[in-house]
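S.K.: As input, take input26.pdb (PDB, C-alpha atoms):
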```
ATOM      1  CA  MET J   1      -7.246  98.562  38.685  1.00  0.00           C
ATOM      2  CA  SER J   2      -7.976  95.282  40.412  1.00  0.00           C
ATOM      3  CA  SER J   3      -4.991  93.205  41.425  1.00  0.00           C
ATOM      4  CA  ASP J   4      -7.076  90.127  40.481  1.00  0.00           C
ATOM      5  CA  LYS J   5      -7.045  91.018  36.801  1.00  0.00           C
ATOM      6  CA  PRO J   6      -5.213  88.405  34.692  1.00  0.00           C
ATOM      7  CA  LEU J   7      -1.861  89.742  33.553  1.00  0.00           C
ATOM      8  CA  ARG J   8      -0.154  89.535  30.183  1.00  0.00           C
ATOM      9  CA  GLU J   9       3.192  87.789  30.053  1.00  0.00           C
ATOM     10  CA  GLY J  10       4.224  90.304  27.434  1.00  0.00           C
ATOM     11  CA  ASP J  11       7.529  91.073  25.803  1.00  0.00           C
ATOM     12  CA  ARG J  12      10.550  90.173  27.930  1.00  0.00           C
ATOM     13  CA  GLU J  13      12.474  93.333  27.072  1.00  0.00           C
ATOM     14  CA  LYS J  14       9.495  95.547  27.907  1.00  0.00           C
ATOM     15  CA  ARG J  15       9.001  93.776  31.237  1.00  0.00           C
ATOM     16  CA  ALA J  16      12.663  94.214  32.073  1.00  0.00           C
ATOM     17  CA  ALA J  17      12.536  97.896  31.130  1.00  0.00           C
ATOM     18  CA  ILE J  18       9.472  98.472  33.320  1.00  0.00           C
ATOM     19  CA  ILE J  19      11.036  96.699  36.303  1.00  0.00           C
ATOM     20  CA  SER J  20      14.297  98.618  35.882  1.00  0.00           C
ATOM     21  CA  ALA J  21      12.492 101.955  35.638  1.00  0.00           C
ATOM     22  CA  ALA J  22      10.257 101.238  38.626  1.00  0.00           C
ATOM     23  CA  ARG J  23      13.156 100.020  40.763  1.00  0.00           C
ATOM     24  CA  GLU J  24      15.120 103.207  40.130  1.00  0.00           C
ATOM     25  CA  LEU J  25      12.183 105.565  40.645  1.00  0.00           C
ATOM     26  CA  PHE J  26      10.788 103.758  43.691  1.00  0.00           C
ATOM     27  CA  ALA J  27      14.178 103.679  45.424  1.00  0.00           C
ATOM     28  CA  ARG J  28      14.892 107.344  44.742  1.00  0.00           C
ATOM     29  CA  GLN J  29      11.459 108.885  45.331  1.00  0.00           C
ATOM     30  CA  GLY J  30       9.550 106.313  47.383  1.00  0.00           C
ATOM     31  CA  VAL J  31       6.895 103.942  46.100  1.00  0.00           C
ATOM     32  CA  ASP J  32       3.961 106.146  47.114  1.00  0.00           C
ATOM     33  CA  SER J  33       5.405 109.198  45.354  1.00  0.00           C
ATOM     34  CA  VAL J  34       5.873 107.529  41.969  1.00  0.00           C
ATOM     35  CA  SER J  35       2.975 107.294  39.526  1.00  0.00           C
ATOM     36  CA  MET J  36       2.514 104.536  37.007  1.00  0.00           C
ATOM     37  CA  ASP J  37       2.671 107.285  34.382  1.00  0.00           C
ATOM     38  CA  ALA J  38       6.198 108.107  35.547  1.00  0.00           C
ATOM     39  CA  VAL J  39       7.211 104.447  35.399  1.00  0.00           C
ATOM     40  CA  ALA J  40       5.797 104.123  31.894  1.00  0.00           C
ATOM     41  CA  ALA J  41       7.580 107.262  30.726  1.00  0.00           C
ATOM     42  CA  ARG J  42      10.917 106.137  32.145  1.00  0.00           C
ATOM     43  CA  ALA J  43      10.497 102.663  30.609  1.00  0.00           C
ATOM     44  CA  GLY J  44       9.431 104.038  27.238  1.00  0.00           C
ATOM     45  CA  VAL J  45       6.111 102.190  27.174  1.00  0.00           C
ATOM     46  CA  SER J  46       2.470 103.151  27.564  1.00  0.00           C
ATOM     47  CA  LYS J  47       0.771 103.224  30.964  1.00  0.00           C
ATOM     48  CA  ARG J  48      -1.643 100.615  29.621  1.00  0.00           C
ATOM     49  CA  THR J  49       1.318  98.288  29.030  1.00  0.00           C
ATOM     50  CA  VAL J  50       2.507  98.734  32.611  1.00  0.00           C
ATOM     51  CA  TYR J  51      -0.960  97.866  33.936  1.00  0.00           C
ATOM     52  CA  ASP J  52      -1.383  94.964  31.503  1.00  0.00           C
ATOM     53  CA  TYR J  53       1.945  93.443  32.565  1.00  0.00           C
ATOM     54  CA  PHE J  54       1.823  94.099  36.313  1.00  0.00           C
ATOM     55  CA  GLY J  55      -1.757  94.993  37.289  1.00  0.00           C
ATOM     56  CA  ASP J  56      -0.997  97.577  39.970  1.00  0.00           C
ATOM     57  CA  LYS J  57       1.852  99.247  41.818  1.00  0.00           C
ATOM     58  CA  ASN J  58       2.044  96.601  44.533  1.00  0.00           C
ATOM     59  CA  ARG J  59       2.406  93.793  42.012  1.00  0.00           C
ATOM     60  CA  LEU J  60       5.099  95.831  40.293  1.00  0.00           C
ATOM     61  CA  PHE J  61       6.882  96.241  43.620  1.00  0.00           C
ATOM     62  CA  LEU J  62       6.695  92.491  44.265  1.00  0.00           C
ATOM     63  CA  ALA J  63       7.933  91.796  40.737  1.00  0.00           C
ATOM     64  CA  ILE J  64      11.036  93.867  41.493  1.00  0.00           C
ATOM     65  CA  LEU J  65      11.729  91.757  44.587  1.00  0.00           C
ATOM     66  CA  SER J  66      11.080  88.520  42.679  1.00  0.00           C
ATOM     67  CA  GLU J  67      13.367  89.518  39.808  1.00  0.00           C
ATOM     68  CA  THR J  68      16.081  90.577  42.238  1.00  0.00           C
ATOM     69  CA  SER J  69      15.746  87.301  44.146  1.00  0.00           C
ATOM     70  CA  ASP J  70      16.057  85.269  40.945  1.00  0.00           C
ATOM     71  CA  THR J  71      19.132  87.084  39.628  1.00  0.00           C
ATOM     72  CA  LEU J  72      20.823  87.193  43.039  1.00  0.00           C
ATOM     73  CA  ASN J  73      20.352  83.487  43.669  1.00  0.00           C
ATOM     74  CA  ALA J  74      21.488  82.621  40.142  1.00  0.00           C
ATOM     75  CA  SER J  75      24.621  84.783  40.469  1.00  0.00           C
ATOM     76  CA  ILE J  76      25.582  83.154  43.756  1.00  0.00           C
ATOM     77  CA  GLN J  77      24.879  79.652  42.439  1.00  0.00           C
ATOM     78  CA  HIS J  78      27.047  80.237  39.349  1.00  0.00           C
ATOM     79  CA  ALA J  79      29.850  81.624  41.498  1.00  0.00           C
ATOM     80  CA  LEU J  80      29.657  78.587  43.780  1.00  0.00           C
ATOM     81  CA  ASP J  81      29.820  76.247  40.794  1.00  0.00           C
ATOM     82  CA  ARG J  82      32.910  78.037  39.473  1.00  0.00           C
ATOM     83  CA  HIS J  83      34.872  78.446  42.684  1.00  0.00           C
ATOM     84  CA  LEU J  84      33.699  75.707  45.073  1.00  0.00           C
ATOM     85  CA  PRO J  85      33.066  72.627  42.944  1.00  0.00           C
ATOM     86  CA  MET J  86      32.271  69.427  44.790  1.00  0.00           C
ATOM     87  CA  ASP J  87      34.221  67.285  42.324  1.00  0.00           C
ATOM     88  CA  GLY J  88      37.286  66.453  44.400  1.00  0.00           C
ATOM     89  CA  THR J  89      39.560  69.091  42.891  1.00  0.00           C
ATOM     90  CA  ILE J  90      39.914  70.989  46.191  1.00  0.00           C
ATOM     91  CA  THR J  91      41.848  68.699  48.511  1.00  0.00           C
ATOM     92  CA  THR J  92      43.723  70.930  50.985  1.00  0.00           C
ATOM     93  CA  VAL J  93      42.839  73.680  53.457  1.00  0.00           C
ATOM     94  CA  PRO J  94      45.064  76.231  51.644  1.00  0.00           C
ATOM     95  CA  GLY J  95      43.337  75.291  48.400  1.00  0.00           C
ATOM     96  CA  LEU J  96      39.944  75.732  50.034  1.00  0.00           C
ATOM     97  CA  GLN J  97      40.936  79.132  51.426  1.00  0.00           C
ATOM     98  CA  GLU J  98      42.071  80.218  47.967  1.00  0.00           C
ATOM     99  CA  ALA J  99      38.778  79.041  46.452  1.00  0.00           C
ATOM    100  CA  ILE J 100      36.637  80.727  49.106  1.00  0.00           C
ATOM    101  CA  THR J 101      38.608  83.945  48.675  1.00  0.00           C
ATOM    102  CA  ALA J 102      38.023  83.873  44.910  1.00  0.00           C
ATOM    103  CA  LEU J 103      34.320  83.199  45.529  1.00  0.00           C
ATOM    104  CA  VAL J 104      33.753  86.109  47.893  1.00  0.00           C
ATOM    105  CA  LEU J 105      35.856  88.474  45.775  1.00  0.00           C
ATOM    106  CA  GLU J 106      33.588  87.739  42.815  1.00  0.00           C
ATOM    107  CA  LEU J 107      30.491  88.243  44.945  1.00  0.00           C
ATOM    108  CA  GLY J 108      31.927  91.516  46.211  1.00  0.00           C
ATOM    109  CA  ARG J 109      32.337  92.766  42.658  1.00  0.00           C
ATOM    110  CA  THR J 110      28.956  91.600  41.388  1.00  0.00           C
ATOM    111  CA  LEU J 111      26.702  92.086  44.420  1.00  0.00           C
ATOM    112  CA  VAL J 112      28.039  94.736  46.772  1.00  0.00           C
ATOM    113  CA  GLY J 113      28.716  97.227  43.992  1.00  0.00           C
ATOM    114  CA  SER J 114      25.376  96.658  42.248  1.00  0.00           C
ATOM    115  CA  ALA J 115      23.019  99.634  42.097  1.00  0.00           C
ATOM    116  CA  ASP J 116      20.134  97.295  41.207  1.00  0.00           C
ATOM    117  CA  TYR J 117      20.562  95.146  44.306  1.00  0.00           C
ATOM    118  CA  ALA J 118      21.072  98.190  46.519  1.00  0.00           C
ATOM    119  CA  ALA J 119      17.856  99.712  45.175  1.00  0.00           C
ATOM    120  CA  ALA J 120      15.878  96.536  45.859  1.00  0.00           C
ATOM    121  CA  PHE J 121      17.172  96.318  49.418  1.00  0.00           C
ATOM    122  CA  ALA J 122      16.331  99.992  49.930  1.00  0.00           C
ATOM    123  CA  LEU J 123      12.768  99.289  48.782  1.00  0.00           C
ATOM    124  CA  VAL J 124      12.435  96.512  51.356  1.00  0.00           C
ATOM    125  CA  ALA J 125      13.663  98.880  54.076  1.00  0.00           C
ATOM    126  CA  GLN J 126      11.227 101.573  52.931  1.00  0.00           C
ATOM    127  CA  ARG J 127       8.254  99.225  53.090  1.00  0.00           C
ATOM    128  CA  ARG J 128       9.181  97.863  56.493  1.00  0.00           C
ATOM    129  CA  TRP J 129       9.552 101.383  57.854  1.00  0.00           C
ATOM    130  CA  ARG J 130       6.093 102.260  56.565  1.00  0.00           C
ATOM    131  CA  GLU J 131       4.513  98.874  57.395  1.00  0.00           C
ATOM    132  CA  PRO J 132       6.180  97.312  60.460  1.00  0.00           C
ATOM    133  CA  GLY J 133       5.898  93.553  60.301  1.00  0.00           C
ATOM    134  CA  ASN J 134       5.698  93.421  56.508  1.00  0.00           C
ATOM    135  CA  GLN J 135       7.435  90.265  55.279  1.00  0.00           C
ATOM    136  CA  ASP J 136       8.047  91.190  51.627  1.00  0.00           C
ATOM    137  CA  ASP J 137      11.738  90.677  50.942  1.00  0.00           C
ATOM    138  CA  VAL J 138      14.462  89.651  48.538  1.00  0.00           C
ATOM    139  CA  VAL J 139      14.479  85.872  49.036  1.00  0.00           C
ATOM    140  CA  THR J 140      17.916  84.239  49.171  1.00  0.00           C
ATOM    141  CA  VAL J 141      17.007  80.860  50.654  1.00  0.00           C
ATOM    142  CA  SER J 142      18.220  78.848  47.657  1.00  0.00           C
ATOM    143  CA  ALA J 143      21.602  80.627  47.670  1.00  0.00           C
ATOM    144  CA  GLU J 144      21.935  80.143  51.434  1.00  0.00           C
ATOM    145  CA  ASP J 145      21.098  76.454  51.070  1.00  0.00           C
ATOM    146  CA  ALA J 146      23.587  76.075  48.210  1.00  0.00           C
ATOM    147  CA  LEU J 147      26.367  77.643  50.291  1.00  0.00           C
ATOM    148  CA  ALA J 148      25.472  75.418  53.259  1.00  0.00           C
ATOM    149  CA  ASP J 149      25.666  72.384  50.946  1.00  0.00           C
ATOM    150  CA  ARG J 150      29.206  73.395  49.966  1.00  0.00           C
ATOM    151  CA  VAL J 151      30.209  73.805  53.602  1.00  0.00           C
ATOM    152  CA  ALA J 152      28.711  70.386  54.406  1.00  0.00           C
ATOM    153  CA  HIS J 153      30.635  68.816  51.520  1.00  0.00           C
ATOM    154  CA  PHE J 154      33.986  70.198  52.655  1.00  0.00           C
ATOM    155  CA  ALA J 155      33.215  69.132  56.218  1.00  0.00           C
ATOM    156  CA  ASN J 156      32.470  65.619  54.969  1.00  0.00           C
ATOM    157  CA  VAL J 157      35.803  65.420  53.129  1.00  0.00           C
ATOM    158  CA  GLY J 158      37.671  66.598  56.215  1.00  0.00           C
ATOM    159  CA  LEU J 159      38.658  70.164  55.315  1.00  0.00           C
ATOM    160  CA  LEU J 160      36.160  71.977  57.556  1.00  0.00           C
ATOM    161  CA  ASP J 161      35.150  71.199  61.111  1.00  0.00           C
ATOM    162  CA  THR J 162      31.462  71.908  61.777  1.00  0.00           C
ATOM    163  CA  ASP J 163      28.355  69.957  62.692  1.00  0.00           C
ATOM    164  CA  ASP J 164      26.133  72.880  61.614  1.00  0.00           C
ATOM    165  CA  PRO J 165      26.864  73.771  57.974  1.00  0.00           C
ATOM    166  CA  SER J 166      24.047  76.309  57.818  1.00  0.00           C
ATOM    167  CA  MET J 167      25.461  78.235  60.771  1.00  0.00           C
ATOM    168  CA  ALA J 168      28.963  78.112  59.306  1.00  0.00           C
ATOM    169  CA  ALA J 169      27.665  79.350  55.944  1.00  0.00           C
ATOM    170  CA  GLY J 170      25.914  82.194  57.743  1.00  0.00           C
ATOM    171  CA  HIS J 171      29.180  83.114  59.448  1.00  0.00           C
ATOM    172  CA  LEU J 172      30.964  83.200  56.083  1.00  0.00           C
ATOM    173  CA  ALA J 173      28.285  85.487  54.643  1.00  0.00           C
ATOM    174  CA  ALA J 174      28.410  87.727  57.716  1.00  0.00           C
ATOM    175  CA  LEU J 175      32.195  88.047  57.567  1.00  0.00           C
ATOM    176  CA  THR J 176      32.180  88.940  53.884  1.00  0.00           C
ATOM    177  CA  ILE J 177      29.079  90.015  51.953  1.00  0.00           C
ATOM    178  CA  LEU J 178      27.051  91.406  54.839  1.00  0.00           C
ATOM    179  CA  LEU J 179      30.035  93.209  56.347  1.00  0.00           C
ATOM    180  CA  ALA J 180      30.911  94.713  52.976  1.00  0.00           C
ATOM    181  CA  TYR J 181      27.321  95.897  52.454  1.00  0.00           C
ATOM    182  CA  ASN J 182      27.344  97.499  55.887  1.00  0.00           C
ATOM    183  CA  ASP J 183      30.709  99.162  55.279  1.00  0.00           C
ATOM    184  CA  GLN J 184      30.023 100.255  51.687  1.00  0.00           C
ATOM    185  CA  PRO J 185      26.235 100.759  51.442  1.00  0.00           C
ATOM    186  CA  ASP J 186      26.226 103.140  48.457  1.00  0.00           C
ATOM    187  CA  PRO J 187      27.304 101.562  45.144  1.00  0.00           C
ATOM    188  CA  ALA J 188      27.944 105.037  43.694  1.00  0.00           C
ATOM    189  CA  THR J 189      30.734 105.654  46.203  1.00  0.00           C
ATOM    190  CA  ALA J 190      31.791 102.086  47.032  1.00  0.00           C
ATOM    191  CA  ASP J 191      35.560 101.598  47.266  1.00  0.00           C
ATOM    192  CA  PRO J 192      36.554  98.418  45.364  1.00  0.00           C
ATOM    193  CA  GLU J 193      39.802  98.151  47.306  1.00  0.00           C
ATOM    194  CA  ARG J 194      37.993  98.346  50.627  1.00  0.00           C
ATOM    195  CA  ILE J 195      35.542  95.666  49.473  1.00  0.00           C
ATOM    196  CA  ARG J 196      38.477  93.489  48.416  1.00  0.00           C
ATOM    197  CA  GLN J 197      40.073  93.880  51.840  1.00  0.00           C
ATOM    198  CA  ILE J 198      36.849  92.945  53.634  1.00  0.00           C
ATOM    199  CA  MET J 199      36.304  89.891  51.473  1.00  0.00           C
ATOM    200  CA  THR J 200      39.888  88.662  51.770  1.00  0.00           C
ATOM    201  CA  SER J 201      40.083  89.106  55.531  1.00  0.00           C
ATOM    202  CA  GLY J 202      36.629  87.563  55.959  1.00  0.00           C
ATOM    203  CA  ALA J 203      37.609  84.441  54.034  1.00  0.00           C
ATOM    204  CA  ARG J 204      40.783  84.172  56.126  1.00  0.00           C
ATOM    205  CA  ALA J 205      38.827  84.548  59.386  1.00  0.00           C
ATOM    206  CA  PHE J 206      36.353  81.869  58.268  1.00  0.00           C
ATOM    207  CA  ILE J 207      39.157  79.413  57.558  1.00  0.00           C
ATOM    208  CA  ARG J 208      40.820  80.159  60.900  1.00  0.00           C
ATOM    209  CA  ALA J 209      37.507  79.444  62.643  1.00  0.00           C
ATOM    210  CA  TYR J 210      36.389  76.362  60.713  1.00  0.00           C
ATOM    211  CA  ALA J 211      39.337  74.643  59.041  1.00  0.00           C
ATOM    212  CA  THR J 212      40.349  71.281  60.435  1.00  0.00           C
ATOM    213  CA  ARG J 213      43.514  71.324  62.539  1.00  0.00           C
TER
END
```
Can the structure from this file be put into structure tokens for me?

M.R.:
Amino acid sequence: MSSDKPLREGDREKRAAIISAARELFARQGVDSVSMDAVAARAGVSKRTVYDYFGDKNRLFLAILSETSDTLNASIQHALDRHLPMDGTITTVPGLQEAITALVLELGRTLVGSADYAAAFALVAQRRWREPGNQDDVVTVSAEDALADRVAHFANVGLLDTDDPSMAAGHLAALTILLAYNDQPDPATADPERIRQIMTSGARAFIRAYATR
């Protein structure tokens, strides 16, 4: 079917079921090996519904990445709002370290151990292996910008020492979330205690590197 065909917005629960089914099947079997019939059967809808909602397999693939991007960015933003408020309540370096530790521990629980996120990242890797240079991805720019804004705030109030908040935010992510993903890539066998250790030590290393003296 043509990818230019107008799509139905459809029922939210059906859309979510289709995306969930496709994400699981695509990650396990490969996008090319999965038929739209199989997606429909797993989602409990008709094949016509899958086509009406998503148009073709590529649009369905991109919808998985878009949905993952939206939920990932929202999760990180909510965690930032809870643990790193910019309202003046965090006034000391030890308090900031405690808050950052709580932040990354929450992200370790909700992101690193998530089968849905792992599946989406696996799909990106699959496509790039098959199509070198392909730029389709899970987009985390808004979450990265939000974290950089927090770093800039705490630099402005004198708790962090950096003239490049985006770089510092990238270092925090690398020391915690990215390191934990690399160390524990399979959510089915991920060790929560190991993730906790990585997150705690990463937050401590970040503070040692960037806290004001």

S.K.: Would you kindly translate the PyMOL selection byres ((chain J and resi 118) around 12) into the concrete residues it picks from this file, as a short mmCIF file (atom, residue, chain, number, x, y, z; two decimals) with C-alpha atoms, keeping the file's coordinate frame?

M.R.:
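In the end it all went to result.cif:
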```cif
data_model
loop_
_atom_site.label_atom_id
_atom_site.label_comp_id
_atom_site.auth_asym_id
_atom_site.auth_seq_id
_atom_site.Cartn_x
_atom_site.Cartn_y
_atom_site.Cartn_z
CA ARG J 23 13.16 100.02 40.76
CA GLU J 24 15.12 103.21 40.13
CA ALA J 27 14.18 103.68 45.42
CA ARG J 28 14.89 107.34 44.74
CA LEU J 65 11.73 91.76 44.59
CA THR J 68 16.08 90.58 42.24
CA LEU J 72 20.82 87.19 43.04
CA THR J 110 28.96 91.60 41.39
CA LEU J 111 26.70 92.09 44.42
CA VAL J 112 28.04 94.74 46.77
CA GLY J 113 28.72 97.23 43.99
CA SER J 114 25.38 96.66 42.25
CA ALA J 115 23.02 99.63 42.10
CA ASP J 116 20.13 97.30 41.21
CA TYR J 117 20.56 95.15 44.31
CA ALA J 119 17.86 99.71 45.18
CA ALA J 120 15.88 96.54 45.86
CA PHE J 121 17.17 96.32 49.42
CA ALA J 122 16.33 99.99 49.93
CA LEU J 123 12.77 99.29 48.78
CA VAL J 124 12.44 96.51 51.36
CA ALA J 125 13.66 98.88 54.08
CA VAL J 138 14.46 89.65 48.54
CA TYR J 181 27.32 95.90 52.45
CA ASN J 182 27.34 97.50 55.89
CA GLN J 184 30.02 100.26 51.69
CA PRO J 185 26.24 100.76 51.44
CA ASP J 186 26.23 103.14 48.46
CA PRO J 187 27.30 101.56 45.14
CA ALA J 188 27.94 105.04 43.69
CA ALA J 190 31.79 102.09 47.03
#
```

S.K.: Written as a CSV table (one decimal) with C-alpha atoms, keeping the file's coordinate frame, which residues does the PyMOL selection byres ((chain J and resi 149) around 12) give for the file shown?

M.R.:
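Listed below is the output, part_18.csv:
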```
chain,number,residue,atom,x,y,z
J,77,GLN,CA,24.9,79.7,42.4
J,80,LEU,CA,29.7,78.6,43.8
J,81,ASP,CA,29.8,76.2,40.8
J,84,LEU,CA,33.7,75.7,45.1
J,85,PRO,CA,33.1,72.6,42.9
J,86,MET,CA,32.3,69.4,44.8
J,142,SER,CA,18.2,78.8,47.7
J,143,ALA,CA,21.6,80.6,47.7
J,144,GLU,CA,21.9,80.1,51.4
J,145,ASP,CA,21.1,76.5,51.1
J,146,ALA,CA,23.6,76.1,48.2
J,147,LEU,CA,26.4,77.6,50.3
J,148,ALA,CA,25.5,75.4,53.3
J,150,ARG,CA,29.2,73.4,50.0
J,151,VAL,CA,30.2,73.8,53.6
J,152,ALA,CA,28.7,70.4,54.4
J,153,HIS,CA,30.6,68.8,51.5
J,154,PHE,CA,34.0,70.2,52.7
J,155,ALA,CA,33.2,69.1,56.2
J,156,ASN,CA,32.5,65.6,55.0
J,164,ASP,CA,26.1,72.9,61.6
J,165,PRO,CA,26.9,73.8,58.0
J,166,SER,CA,24.0,76.3,57.8
J,167,MET,CA,25.5,78.2,60.8
J,168,ALA,CA,29.0,78.1,59.3
J,169,ALA,CA,27.7,79.4,55.9
J,170,GLY,CA,25.9,82.2,57.7
```

S.K.: Given the file above and the PyMOL selection byres ((chain J and resi 172) around 12), which residues are selected, and can you give them as a count of residues only?

M.R.: 38

S.K.: What is the atom CA of His83 of chain J-atom CA of Thr140 of chain J distance in Å, reported with one decimal?

M.R.: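 So the two atoms, atom CA of His83 of chain J and atom CA of Thr140 of chain J, lie 19.1 Å apart.
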
S.K.: Atom CA of Ala63 of chain J to atom CA of Thr189 of chain J: how many Å, to one decimal?

M.R.: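 So the two atoms, atom CA of Ala63 of chain J and atom CA of Thr189 of chain J, lie 27.2 Å apart.
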
S.K.: Could you please determine the separation between atom CA of Asp161 of chain J and atom CA of His78 of chain J in Å, to one decimal place?

M.R.: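 Value for the atom CA of Asp161 of chain J-atom CA of His78 of chain J distance: 24.9 Å.
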